[in-house]
>>> print(open('data-v4.cif').read())   # mmCIF, C-alpha atoms
data_entry
#
loop_
_atom_site.group_PDB
_atom_site.id
_atom_site.type_symbol
_atom_site.label_atom_id
_atom_site.label_comp_id
_atom_site.auth_asym_id
_atom_site.auth_seq_id
_atom_site.Cartn_x
_atom_site.Cartn_y
_atom_site.Cartn_z
ATOM 1 C CA MET A 64 0.000 0.000 0.000
ATOM 2 C CA ALA A 65 2.837 2.361 0.842
ATOM 3 C CA LYS A 66 4.441 1.654 -2.510
ATOM 4 C CA THR A 67 1.199 2.513 -4.342
ATOM 5 C CA ALA A 68 0.837 5.801 -2.453
ATOM 6 C CA ARG A 69 4.352 6.840 -3.435
ATOM 7 C CA PHE A 70 3.499 6.137 -7.088
ATOM 8 C CA GLN A 71 0.232 8.184 -7.139
ATOM 9 C CA SER A 72 1.501 11.275 -5.290
ATOM 10 C CA PRO A 73 3.693 12.765 -8.082
ATOM 11 C CA TRP A 74 0.872 12.202 -10.689
ATOM 12 C CA TRP A 75 -1.702 14.099 -8.680
ATOM 13 C CA ARG A 76 0.789 16.877 -8.038
ATOM 14 C CA ARG A 77 1.456 17.244 -11.759
ATOM 15 C CA LEU A 78 -2.295 17.311 -12.466
ATOM 16 C CA GLY A 79 -2.880 19.921 -9.779
ATOM 17 C CA LEU A 80 -0.031 22.073 -11.133
ATOM 18 C CA LEU A 81 -1.469 21.828 -14.666
ATOM 19 C CA ALA A 82 -4.940 22.853 -13.419
ATOM 20 C CA LEU A 83 -3.418 25.782 -11.539
ATOM 21 C CA LEU A 84 -1.575 26.978 -14.665
ATOM 22 C CA LEU A 85 -4.748 26.721 -16.774
ATOM 23 C CA THR A 86 -6.764 28.664 -14.200
ATOM 24 C CA LEU A 87 -4.084 31.346 -13.977
ATOM 25 C CA GLY A 88 -3.882 31.659 -17.769
ATOM 26 C CA GLY A 89 -7.651 31.931 -18.087
ATOM 27 C CA GLY A 90 -7.784 34.573 -15.377
ATOM 28 C CA LEU A 91 -5.080 36.684 -17.072
ATOM 29 C CA THR A 92 -6.899 36.427 -20.428
ATOM 30 C CA TYR A 93 -10.162 37.575 -18.807
ATOM 31 C CA LEU A 94 -8.499 40.536 -17.116
ATOM 32 C CA ASP A 95 -6.797 41.541 -20.363
ATOM 33 C CA GLN A 96 -10.084 41.465 -22.324
ATOM 34 C CA ARG A 97 -11.874 43.351 -19.557
ATOM 35 C CA GLY A 98 -9.224 46.062 -19.632
ATOM 36 C CA GLU A 99 -9.724 46.499 -23.386
ATOM 37 C CA ASP A 100 -13.513 46.770 -22.946
ATOM 38 C CA GLN A 101 -13.082 49.452 -20.294
ATOM 39 C CA GLN A 102 -10.811 51.485 -22.566
ATOM 40 C CA GLN A 103 -13.276 51.582 -25.470
ATOM 41 C CA PRO A 104 -15.616 54.280 -23.996
ATOM 42 C CA THR A 105 -12.615 56.500 -23.344
ATOM 43 C CA ILE A 106 -11.550 56.259 -26.965
ATOM 44 C CA GLY A 107 -15.110 56.936 -28.099
ATOM 45 C CA ASN A 108 -15.269 60.157 -26.049
ATOM 46 C CA THR A 109 -12.258 61.652 -27.808
ATOM 47 C CA THR A 110 -12.294 63.378 -31.173
ATOM 48 C CA GLY A 111 -10.587 60.438 -32.869
ATOM 49 C CA GLU A 112 -8.540 60.232 -36.023
ATOM 50 C CA PRO A 113 -9.792 62.063 -39.143
ATOM 51 C CA ASP A 114 -10.840 59.953 -42.101
ATOM 52 C CA TYR A 115 -9.983 62.682 -44.594
ATOM 53 C CA TYR A 116 -8.707 66.241 -44.868
ATOM 54 C CA LEU A 117 -8.555 68.727 -47.722
ATOM 55 C CA GLU A 118 -6.310 71.717 -48.370
ATOM 56 C CA ASP A 119 -7.404 74.875 -50.192
ATOM 57 C CA ALA A 120 -10.935 73.514 -50.163
ATOM 58 C CA SER A 121 -14.126 75.116 -51.456
ATOM 59 C CA MET A 122 -17.419 73.552 -50.378
ATOM 60 C CA THR A 123 -20.895 74.475 -51.630
ATOM 61 C CA ARG A 124 -24.187 73.063 -50.324
ATOM 62 C CA PHE A 125 -27.380 72.960 -52.376
ATOM 63 C CA ASP A 126 -31.051 72.696 -51.409
ATOM 64 C CA GLN A 127 -33.586 70.297 -52.901
ATOM 65 C CA GLN A 128 -34.231 72.716 -55.781
ATOM 66 C CA GLY A 129 -30.530 72.746 -56.644
ATOM 67 C CA ARG A 130 -29.904 76.282 -55.392
ATOM 68 C CA ALA A 131 -26.718 77.010 -53.479
ATOM 69 C CA TYR A 132 -27.430 78.144 -49.926
ATOM 70 C CA GLN A 133 -24.026 77.907 -48.277
ATOM 71 C CA ARG A 134 -20.491 78.285 -49.592
ATOM 72 C CA LEU A 135 -17.318 77.951 -47.552
ATOM 73 C CA GLU A 136 -13.673 78.331 -48.525
ATOM 74 C CA THR A 137 -10.822 77.296 -46.209
ATOM 75 C CA PRO A 138 -7.077 76.598 -46.372
ATOM 76 C CA ARG A 139 -7.632 73.321 -44.477
ATOM 77 C CA LEU A 140 -10.678 71.139 -43.844
ATOM 78 C CA VAL A 141 -10.703 68.063 -41.562
ATOM 79 C CA HIS A 142 -13.515 65.541 -40.996
ATOM 80 C CA THR A 143 -13.663 63.208 -37.973
ATOM 81 C CA PRO A 144 -16.073 60.248 -38.319
ATOM 82 C CA SER A 145 -16.389 59.652 -34.559
ATOM 83 C CA ASP A 146 -18.481 62.827 -34.137
ATOM 84 C CA ASP A 147 -19.242 63.516 -37.838
ATOM 85 C CA ILE A 148 -17.939 67.090 -37.597
ATOM 86 C CA ILE A 149 -16.076 69.088 -40.230
ATOM 87 C CA ARG A 150 -13.487 71.495 -38.804
ATOM 88 C CA THR A 151 -12.049 74.345 -40.840
ATOM 89 C CA GLU A 152 -9.244 76.864 -40.473
ATOM 90 C CA LYS A 153 -9.700 80.529 -41.437
ATOM 91 C CA PRO A 154 -13.072 79.907 -43.120
ATOM 92 C CA HIS A 155 -14.488 82.502 -45.487
ATOM 93 C CA GLY A 156 -17.964 81.927 -46.805
ATOM 94 C CA TYR A 157 -21.400 83.136 -47.829
ATOM 95 C CA LEU A 158 -24.907 82.365 -46.579
ATOM 96 C CA THR A 159 -27.596 82.819 -49.237
ATOM 97 C CA ASP A 160 -31.045 84.021 -48.157
ATOM 98 C CA ASP A 161 -34.423 83.653 -49.891
ATOM 99 C CA GLN A 162 -33.737 86.739 -52.015
ATOM 100 C CA GLN A 163 -30.438 85.203 -53.203
ATOM 101 C CA ARG A 164 -28.428 87.792 -51.279
ATOM 102 C CA GLN A 165 -25.099 86.588 -49.942
ATOM 103 C CA TRP A 166 -24.248 87.300 -46.308
ATOM 104 C CA GLN A 167 -20.505 87.132 -45.802
ATOM 105 C CA VAL A 168 -18.993 85.221 -42.838
ATOM 106 C CA THR A 169 -15.391 84.860 -41.641
ATOM 107 C CA SER A 170 -13.613 83.624 -38.509
ATOM 108 C CA ASP A 171 -10.438 81.980 -37.208
ATOM 109 C CA THR A 172 -11.936 78.474 -37.044
ATOM 110 C CA GLY A 173 -15.212 76.836 -37.988
ATOM 111 C CA ARG A 174 -17.236 73.698 -37.233
ATOM 112 C CA MET A 175 -20.002 72.141 -39.302
ATOM 113 C CA SER A 176 -22.294 69.504 -37.799
ATOM 114 C CA ARG A 177 -25.687 67.913 -38.467
ATOM 115 C CA SER A 178 -24.802 67.379 -42.139
ATOM 116 C CA GLY A 179 -23.903 71.033 -42.538
ATOM 117 C CA GLU A 180 -27.119 72.421 -41.079
ATOM 118 C CA GLN A 181 -25.307 73.809 -38.003
ATOM 119 C CA LEU A 182 -22.336 76.133 -38.501
ATOM 120 C CA THR A 183 -20.259 77.518 -35.621
ATOM 121 C CA LEU A 184 -17.624 80.206 -36.221
ATOM 122 C CA GLN A 185 -15.130 80.911 -33.451
ATOM 123 C CA GLY A 186 -12.496 83.581 -32.970
ATOM 124 C CA ASN A 187 -12.968 86.995 -34.608
ATOM 125 C CA ALA A 188 -16.259 85.875 -36.122
ATOM 126 C CA ARG A 189 -17.802 88.365 -38.533
ATOM 127 C CA LEU A 190 -21.142 88.610 -40.355
ATOM 128 C CA VAL A 191 -21.704 91.222 -43.071
ATOM 129 C CA GLN A 192 -25.138 92.210 -44.380
ATOM 130 C CA PRO A 193 -24.972 92.566 -48.195
ATOM 131 C CA GLU A 194 -27.158 95.636 -48.843
ATOM 132 C CA GLN A 195 -27.212 97.943 -45.816
ATOM 133 C CA ALA A 196 -23.496 97.352 -45.193
ATOM 134 C CA TRP A 197 -23.757 96.682 -41.468
ATOM 135 C CA SER A 198 -21.369 94.169 -39.979
ATOM 136 C CA LEU A 199 -21.290 92.150 -36.778
ATOM 137 C CA GLU A 200 -18.134 91.286 -34.831
ATOM 138 C CA THR A 201 -18.177 88.715 -32.028
ATOM 139 C CA ARG A 202 -16.161 85.874 -30.529
ATOM 140 C CA THR A 203 -18.526 82.983 -31.351
ATOM 141 C CA LEU A 204 -21.257 83.014 -34.003
ATOM 142 C CA HIS A 205 -23.756 80.206 -34.613
ATOM 143 C CA TYR A 206 -25.902 79.671 -37.699
ATOM 144 C CA ASP A 207 -28.797 77.265 -38.169
ATOM 145 C CA ASN A 208 -29.605 76.844 -41.844
ATOM 146 C CA ARG A 209 -33.056 75.342 -41.279
ATOM 147 C CA GLU A 210 -34.268 78.510 -39.554
ATOM 148 C CA ALA A 211 -31.870 80.895 -41.357
ATOM 149 C CA HIS A 212 -30.994 82.130 -37.871
ATOM 150 C CA ALA A 213 -27.601 83.534 -36.852
ATOM 151 C CA TRP A 214 -26.923 84.272 -33.198
ATOM 152 C CA SER A 215 -24.210 84.903 -30.639
ATOM 153 C CA ASP A 216 -24.204 84.581 -26.853
ATOM 154 C CA THR A 217 -20.879 86.404 -26.587
ATOM 155 C CA THR A 218 -20.327 90.165 -26.589
ATOM 156 C CA SER A 219 -21.247 91.477 -30.041
ATOM 157 C CA VAL A 220 -20.484 94.761 -31.781
ATOM 158 C CA LEU A 221 -22.720 95.945 -34.611
ATOM 159 C CA ARG A 222 -21.205 98.531 -36.942
ATOM 160 C CA GLN A 223 -22.559 100.642 -39.762
ATOM 161 C CA HIS A 224 -20.340 103.394 -41.141
ATOM 162 C CA SER A 225 -19.216 105.446 -38.107
ATOM 163 C CA GLN A 226 -21.988 104.159 -35.855
ATOM 164 C CA SER A 227 -21.603 101.182 -33.530
ATOM 165 C CA MET A 228 -23.647 99.374 -30.901
ATOM 166 C CA ARG A 229 -22.601 96.731 -28.398
ATOM 167 C CA GLY A 230 -24.658 94.055 -26.624
ATOM 168 C CA ASP A 231 -24.318 90.732 -24.833
ATOM 169 C CA ARG A 232 -26.482 88.842 -27.344
ATOM 170 C CA PHE A 233 -27.144 89.127 -31.045
ATOM 171 C CA ASP A 234 -29.806 87.504 -33.256
ATOM 172 C CA ALA A 235 -30.402 87.807 -36.983
ATOM 173 C CA TRP A 236 -32.923 86.085 -39.268
ATOM 174 C CA ILE A 237 -31.466 86.547 -42.719
ATOM 175 C CA ASN A 238 -34.578 85.539 -44.685
ATOM 176 C CA GLU A 239 -36.549 88.207 -42.823
ATOM 177 C CA ASP A 240 -33.726 90.769 -42.933
ATOM 178 C CA ARG A 241 -34.307 91.271 -39.220
ATOM 179 C CA MET A 242 -31.735 91.581 -36.451
ATOM 180 C CA ARG A 243 -31.807 92.155 -32.701
ATOM 181 C CA LEU A 244 -29.163 93.257 -30.201
ATOM 182 C CA THR A 245 -30.102 92.687 -26.553
ATOM 183 C CA ASP A 246 -28.786 92.655 -22.972
ATOM 184 C CA ASN A 247 -26.617 95.522 -21.746
ATOM 185 C CA VAL A 248 -26.838 97.424 -25.039
ATOM 186 C CA GLN A 249 -24.591 100.471 -25.467
ATOM 187 C CA GLY A 250 -24.346 102.649 -28.557
ATOM 188 C CA HIS A 251 -21.997 105.152 -30.187
ATOM 189 C CA LEU A 252 -23.965 107.317 -32.599
ATOM 190 C CA PRO A 253 -21.926 110.369 -33.574
ATOM 191 C CA GLN A 254 -23.799 113.405 -34.808
ATOM 192 C CA GLN A 255 -23.287 114.568 -38.345
ATOM 193 C CA PRO A 256 -21.254 117.766 -38.841
ATOM 194 C CA GLN A 257 -23.312 120.923 -39.283
ATOM 195 C CA SER A 258 -22.247 121.220 -42.914
ATOM 196 C CA GLN A 259 -23.616 117.722 -43.676
ATOM 197 C CA GLN A 260 -26.980 118.216 -41.996
ATOM 198 C CA PRO A 261 -29.886 118.907 -44.403
ATOM 199 C CA LYS A 262 -30.902 122.531 -44.707
ATOM 200 C CA ASP A 263 -34.290 123.588 -43.313
ATOM 201 C CA GLN A 264 -36.487 124.588 -46.229
ATOM 202 C CA GLY A 265 -39.555 125.320 -44.108
ATOM 203 C CA SER A 266 -41.352 122.105 -44.958
#
>>> encode(input="data-v4.cif", output="C-alpha cells")
Amino acid sequence: MAKTARFQSPWWRRLGLLALLLTLGGGLTYLDQRGEDQQQPTIGNTTGEPDYYLEDASMTRFDQQGRAYQRLETPRLVHTPSDDIIRTEKPHGYLTDDQQRQWQVTSDTGRMSRSGEQLTLQGNARLVQPEQAWSLETRTLHYDNREAHAWSDTTSVLRQHSQSMRGDRFDAWINEDRMRLTDNVQGHLPQQPQSQQPKDQGS
C-alpha cells in the first residue's frame, strides 16, 4: 500500500499544477479582455482620427431645388467620423437668403455639424449684411440653416459706417432681414457735422 501511495503522489501533483496553470492563464486572459472593454468608452469620447482632410478647399451646399445656400472656402478642412464634424481653419464663406443675397462670414476656425445644417464660427467671427453694409463682430457666431438664424451669446459689436452698438447677445434672421441686439446694449452714434446736416427749407 505504501508503494502505491508513493506512485500516485507525483501524478496528482502534476495534475494539480497543470490545473493551476490553466486557471491562472484563463484569469489573465479575462483581465486583459476586460481592460480592453473598459478602454473603449474612453476612446469613443475623444475626437478620434480624421478619415480625410482637404487643403485649399471650397465647399458648396445645395437645397432640394438645386440652389446654393451655403459656400465655404478654407485653407484646411478636416472631418472626424467619430463625431461627424467638419473642422475648418480661417473659413471665409457666404450664406444665401431667400432673395439670393449673400451674407458674408469669416472667422479663425469653424465647425459644421448635423450634415452642414449647423455652422459655428469661433475667434474673430464676422457677419456682413450685403445691402445695408452693417457688420457684426463677435467671438462665437452660430448659424442654423433650417431657420436661417444667426446668433451669438458672446459680446457682439454691430457697426454701420461710423456708428456702432454693443450688446451681450445678437440675433439675426437673414430671410426676414431682421436683427436684434439685446442685454446691456450700449451705442456710439456720432452726430453729423453741421455742414452735412440737411438745410431747413420750411417744410
>>> closest_residue(input="data-v4.cif", among="A:Thr151, A:Gln195, A:Thr183, A:Gln133", to="Gln223 in chain A", atoms="all atoms listed in the file")
A:Gln195
>>> resolve_selection(input="data-v4.cif", expression="the PyMOL selection byres ((chain A and resi 121-124) around 6)", output="count of residues only")
7
>>> residues_around(input="data-v4.cif", residues="His212 in chain A", least_positions_apart="6", cutoff="7 Å", atoms="only C-alpha atoms", output="list in words")
Tyr206, Ala235, Trp236 and Ile237 of chain A
>>> resolve_selection(input="data-v4.cif", expression="the PyMOL selection byres ((chain A and resi 250) around 9)", output="PyMOL selection string")
chain A and resi 226-230+248-249+251-252
>>> residues_around(input="data-v4.cif", residues="range 161-174 of chain A", least_positions_apart="3", cutoff="6 Å", atoms="all atoms listed in the file", output="PDB file with C-alpha atoms, in the frame of the given file")
ATOM      1  CA  ILE A 149     -16.076  69.088 -40.230  1.00  0.00           C
ATOM      2  CA  ARG A 150     -13.487  71.495 -38.804  1.00  0.00           C
ATOM      3  CA  THR A 151     -12.049  74.345 -40.840  1.00  0.00           C
ATOM      4  CA  GLU A 152      -9.244  76.864 -40.473  1.00  0.00           C
ATOM      5  CA  LYS A 153      -9.700  80.529 -41.437  1.00  0.00           C
ATOM      6  CA  PRO A 154     -13.072  79.907 -43.120  1.00  0.00           C
ATOM      7  CA  HIS A 155     -14.488  82.502 -45.487  1.00  0.00           C
ATOM      8  CA  GLY A 156     -17.964  81.927 -46.805  1.00  0.00           C
ATOM      9  CA  TYR A 157     -21.400  83.136 -47.829  1.00  0.00           C
ATOM     10  CA  LEU A 158     -24.907  82.365 -46.579  1.00  0.00           C
ATOM     11  CA  LEU A 182     -22.336  76.133 -38.501  1.00  0.00           C
ATOM     12  CA  THR A 183     -20.259  77.518 -35.621  1.00  0.00           C
ATOM     13  CA  LEU A 184     -17.624  80.206 -36.221  1.00  0.00           C
ATOM     14  CA  GLN A 185     -15.130  80.911 -33.451  1.00  0.00           C
ATOM     15  CA  GLY A 186     -12.496  83.581 -32.970  1.00  0.00           C
ATOM     16  CA  ASN A 187     -12.968  86.995 -34.608  1.00  0.00           C
ATOM     17  CA  ALA A 188     -16.259  85.875 -36.122  1.00  0.00           C
ATOM     18  CA  ARG A 189     -17.802  88.365 -38.533  1.00  0.00           C
ATOM     19  CA  LEU A 190     -21.142  88.610 -40.355  1.00  0.00           C
ATOM     20  CA  VAL A 191     -21.704  91.222 -43.071  1.00  0.00           C
ATOM     21  CA  GLN A 192     -25.138  92.210 -44.380  1.00  0.00           C
ATOM     22  CA  PRO A 193     -24.972  92.566 -48.195  1.00  0.00           C
ATOM     23  CA  ASN A 238     -34.578  85.539 -44.685  1.00  0.00           C
TER      24      ASN A 238
END
>>> atom_distance(input="data-v4.cif", atom1="CA of Ser198 in chain A", atom2="CA of Gln181 in chain A")
20.8 Å
>>> atom_distance(input="data-v4.cif", atom1="CA of Asp246 in chain A", atom2="CA of Arg209 in chain A")
25.6 Å
>>> resolve_selection(input="data-v4.cif", expression="the PyMOL selection byres ((chain A and resi 215-217) around 9)", output="list of chain:residue names")
A:Thr201, A:Arg202, A:Thr203, A:Leu204, A:His205, A:Tyr206, A:Ala213, A:Trp214, A:Thr218, A:Ser219, A:Gly230, A:Asp231, A:Arg232, A:Phe233, A:Asp234
>>> atom_distance(input="data-v4.cif", atom1="CA of Pro113 in chain A", atom2="CA of Tyr132 in chain A")
26.2 Å
>>> closest_residue(input="data-v4.cif", among="A:Asp207, A:Asp240, A:Asp114, A:Glu200", to="Gly179 in chain A", atoms="all atoms listed in the file")
A:Asp207
>>> closest_residue(input="data-v4.cif", among="A:Arg139, A:Leu117, A:Leu199, A:His224", to="Leu244 in chain A", atoms="all atoms listed in the file")
A:Leu199
>>> closest_residue(input="data-v4.cif", among="A:Glu118, A:Glu239, A:Glu112, A:Glu180", to="Leu140 in chain A", atoms="only C-alpha atoms")
A:Glu118
>>> residues_near_point(input="data-v4.cif", point="(-10.9, 62.3, -37.2)", cutoff="10 Å", atoms="all atoms listed in the file", output="PyMOL selection string")
chain A and resi 109-116+141-150
>>> decode(input="data-v4.cif", residues="range 199-211 of chain A", atoms="all heavy atoms", output="PDB file, in the first residue's frame")
ATOM      1  N   LEU A 199     -21.303  92.608 -38.158  1.00  0.00           N
ATOM      2  CA  LEU A 199     -21.290  92.150 -36.778  1.00  0.00           C
ATOM      3  C   LEU A 199     -19.926  91.541 -36.473  1.00  0.00           C
ATOM      4  O   LEU A 199     -19.388  90.768 -37.267  1.00  0.00           O
ATOM      5  CB  LEU A 199     -22.381  91.098 -36.548  1.00  0.00           C
ATOM      6  CG  LEU A 199     -22.313  90.400 -35.182  1.00  0.00           C
ATOM      7  CD1 LEU A 199     -22.922  91.282 -34.104  1.00  0.00           C
ATOM      8  CD2 LEU A 199     -22.976  89.038 -35.217  1.00  0.00           C
ATOM      9  N   GLU A 200     -19.393  91.871 -35.293  1.00  0.00           N
ATOM     10  CA  GLU A 200     -18.134  91.286 -34.831  1.00  0.00           C
ATOM     11  C   GLU A 200     -18.373  90.665 -33.453  1.00  0.00           C
ATOM     12  O   GLU A 200     -18.925  91.322 -32.562  1.00  0.00           O
ATOM     13  CB  GLU A 200     -17.035  92.354 -34.753  1.00  0.00           C
ATOM     14  CG  GLU A 200     -16.750  93.020 -36.091  1.00  0.00           C
ATOM     15  CD  GLU A 200     -15.850  94.240 -35.943  1.00  0.00           C
ATOM     16  OE1 GLU A 200     -15.366  94.484 -34.814  1.00  0.00           O
ATOM     17  OE2 GLU A 200     -15.656  94.944 -36.943  1.00  0.00           O
ATOM     18  N   THR A 201     -17.973  89.413 -33.289  1.00  0.00           N
ATOM     19  CA  THR A 201     -18.177  88.715 -32.028  1.00  0.00           C
ATOM     20  C   THR A 201     -17.142  87.602 -31.903  1.00  0.00           C
ATOM     21  O   THR A 201     -16.411  87.304 -32.849  1.00  0.00           O
ATOM     22  CB  THR A 201     -19.605  88.155 -31.937  1.00  0.00           C
ATOM     23  OG1 THR A 201     -19.826  87.633 -30.637  1.00  0.00           O
ATOM     24  CG2 THR A 201     -19.839  87.071 -32.974  1.00  0.00           C
ATOM     25  N   ARG A 202     -17.126  86.961 -30.742  1.00  0.00           N
ATOM     26  CA  ARG A 202     -16.161  85.874 -30.529  1.00  0.00           C
ATOM     27  C   ARG A 202     -16.672  84.554 -31.105  1.00  0.00           C
ATOM     28  O   ARG A 202     -15.936  83.809 -31.743  1.00  0.00           O
ATOM     29  CB  ARG A 202     -15.842  85.719 -29.046  1.00  0.00           C
ATOM     30  CG  ARG A 202     -14.723  84.707 -28.767  1.00  0.00           C
ATOM     31  CD  ARG A 202     -14.266  84.742 -27.329  1.00  0.00           C
ATOM     32  NE  ARG A 202     -15.277  84.220 -26.407  1.00  0.00           N
ATOM     33  CZ  ARG A 202     -15.955  84.950 -25.541  1.00  0.00           C
ATOM     34  NH1 ARG A 202     -15.747  86.259 -25.479  1.00  0.00           N
ATOM     35  NH2 ARG A 202     -16.854  84.410 -24.744  1.00  0.00           N
ATOM     36  N   THR A 203     -17.943  84.238 -30.867  1.00  0.00           N
ATOM     37  CA  THR A 203     -18.526  82.983 -31.351  1.00  0.00           C
ATOM     38  C   THR A 203     -19.869  83.266 -32.012  1.00  0.00           C
ATOM     39  O   THR A 203     -20.740  83.883 -31.406  1.00  0.00           O
ATOM     40  CB  THR A 203     -18.715  81.983 -30.193  1.00  0.00           C
ATOM     41  OG1 THR A 203     -17.462  81.751 -29.551  1.00  0.00           O
ATOM     42  CG2 THR A 203     -19.256  80.652 -30.720  1.00  0.00           C
ATOM     43  N   LEU A 204     -20.023  82.800 -33.245  1.00  0.00           N
ATOM     44  CA  LEU A 204     -21.257  83.014 -34.003  1.00  0.00           C
ATOM     45  C   LEU A 204     -21.808  81.666 -34.455  1.00  0.00           C
ATOM     46  O   LEU A 204     -21.064  80.843 -35.009  1.00  0.00           O
ATOM     47  CB  LEU A 204     -20.991  83.901 -35.219  1.00  0.00           C
ATOM     48  CG  LEU A 204     -22.193  84.221 -36.112  1.00  0.00           C
ATOM     49  CD1 LEU A 204     -23.194  85.090 -35.369  1.00  0.00           C
ATOM     50  CD2 LEU A 204     -21.733  84.898 -37.398  1.00  0.00           C
ATOM     51  N   HIS A 205     -23.086  81.438 -34.196  1.00  0.00           N
ATOM     52  CA  HIS A 205     -23.756  80.206 -34.613  1.00  0.00           C
ATOM     53  C   HIS A 205     -24.724  80.515 -35.751  1.00  0.00           C
ATOM     54  O   HIS A 205     -25.297  81.601 -35.815  1.00  0.00           O
ATOM     55  CB  HIS A 205     -24.534  79.589 -33.446  1.00  0.00           C
ATOM     56  CG  HIS A 205     -23.717  79.368 -32.209  1.00  0.00           C
ATOM     57  ND1 HIS A 205     -22.942  78.244 -32.011  1.00  0.00           N
ATOM     58  CD2 HIS A 205     -23.555  80.141 -31.104  1.00  0.00           C
ATOM     59  CE1 HIS A 205     -22.350  78.323 -30.832  1.00  0.00           C
ATOM     60  NE2 HIS A 205     -22.697  79.466 -30.265  1.00  0.00           N
ATOM     61  N   TYR A 206     -24.926  79.510 -36.620  1.00  0.00           N
ATOM     62  CA  TYR A 206     -25.902  79.671 -37.699  1.00  0.00           C
ATOM     63  C   TYR A 206     -26.619  78.358 -37.922  1.00  0.00           C
ATOM     64  O   TYR A 206     -26.001  77.305 -38.105  1.00  0.00           O
ATOM     65  CB  TYR A 206     -25.228  80.119 -38.994  1.00  0.00           C
ATOM     66  CG  TYR A 206     -26.204  80.290 -40.137  1.00  0.00           C
ATOM     67  CD1 TYR A 206     -27.108  81.344 -40.144  1.00  0.00           C
ATOM     68  CD2 TYR A 206     -26.240  79.382 -41.191  1.00  0.00           C
ATOM     69  CE1 TYR A 206     -28.023  81.504 -41.174  1.00  0.00           C
ATOM     70  CE2 TYR A 206     -27.147  79.534 -42.234  1.00  0.00           C
ATOM     71  CZ  TYR A 206     -28.040  80.598 -42.211  1.00  0.00           C
ATOM     72  OH  TYR A 206     -28.942  80.750 -43.228  1.00  0.00           O
ATOM     73  N   ASP A 207     -27.952  78.414 -37.898  1.00  0.00           N
ATOM     74  CA  ASP A 207     -28.797  77.265 -38.169  1.00  0.00           C
ATOM     75  C   ASP A 207     -29.456  77.478 -39.523  1.00  0.00           C
ATOM     76  O   ASP A 207     -30.282  78.380 -39.684  1.00  0.00           O
ATOM     77  CB  ASP A 207     -29.856  77.108 -37.073  1.00  0.00           C
ATOM     78  CG  ASP A 207     -30.612  75.795 -37.178  1.00  0.00           C
ATOM     79  OD1 ASP A 207     -30.911  75.377 -38.311  1.00  0.00           O
ATOM     80  OD2 ASP A 207     -30.906  75.190 -36.131  1.00  0.00           O
ATOM     81  N   ASN A 208     -29.110  76.645 -40.490  1.00  0.00           N
ATOM     82  CA  ASN A 208     -29.605  76.844 -41.844  1.00  0.00           C
ATOM     83  C   ASN A 208     -31.103  76.588 -41.952  1.00  0.00           C
ATOM     84  O   ASN A 208     -31.792  77.242 -42.744  1.00  0.00           O
ATOM     85  CB  ASN A 208     -28.851  75.920 -42.804  1.00  0.00           C
ATOM     86  CG  ASN A 208     -29.375  76.011 -44.213  1.00  0.00           C
ATOM     87  OD1 ASN A 208     -29.183  77.011 -44.893  1.00  0.00           O
ATOM     88  ND2 ASN A 208     -30.068  74.981 -44.665  1.00  0.00           N
ATOM     89  N   ARG A 209     -31.632  75.662 -41.169  1.00  0.00           N
ATOM     90  CA  ARG A 209     -33.056  75.342 -41.279  1.00  0.00           C
ATOM     91  C   ARG A 209     -33.927  76.537 -40.927  1.00  0.00           C
ATOM     92  O   ARG A 209     -34.987  76.738 -41.518  1.00  0.00           O
ATOM     93  CB  ARG A 209     -33.394  74.152 -40.377  1.00  0.00           C
ATOM     94  CG  ARG A 209     -32.694  72.857 -40.781  1.00  0.00           C
ATOM     95  CD  ARG A 209     -32.987  71.748 -39.792  1.00  0.00           C
ATOM     96  NE  ARG A 209     -32.598  72.133 -38.437  1.00  0.00           N
ATOM     97  CZ  ARG A 209     -32.781  71.362 -37.373  1.00  0.00           C
ATOM     98  NH1 ARG A 209     -33.361  70.192 -37.505  1.00  0.00           N
ATOM     99  NH2 ARG A 209     -32.385  71.770 -36.178  1.00  0.00           N
ATOM    100  N   GLU A 210     -33.494  77.335 -39.968  1.00  0.00           N
ATOM    101  CA  GLU A 210     -34.268  78.510 -39.554  1.00  0.00           C
ATOM    102  C   GLU A 210     -33.676  79.813 -40.097  1.00  0.00           C
ATOM    103  O   GLU A 210     -34.220  80.878 -39.825  1.00  0.00           O
ATOM    104  CB  GLU A 210     -34.327  78.570 -38.028  1.00  0.00           C
ATOM    105  CG  GLU A 210     -34.995  77.357 -37.395  1.00  0.00           C
ATOM    106  CD  GLU A 210     -35.025  77.441 -35.885  1.00  0.00           C
ATOM    107  OE1 GLU A 210     -34.498  78.438 -35.343  1.00  0.00           O
ATOM    108  OE2 GLU A 210     -35.561  76.520 -35.248  1.00  0.00           O
ATOM    109  N   ALA A 211     -32.565  79.704 -40.856  1.00  0.00           N
ATOM    110  CA  ALA A 211     -31.870  80.895 -41.357  1.00  0.00           C
ATOM    111  C   ALA A 211     -31.603  81.879 -40.219  1.00  0.00           C
ATOM    112  O   ALA A 211     -31.800  83.089 -40.358  1.00  0.00           O
ATOM    113  CB  ALA A 211     -32.670  81.558 -42.469  1.00  0.00           C
TER     114      ALA A 211
END
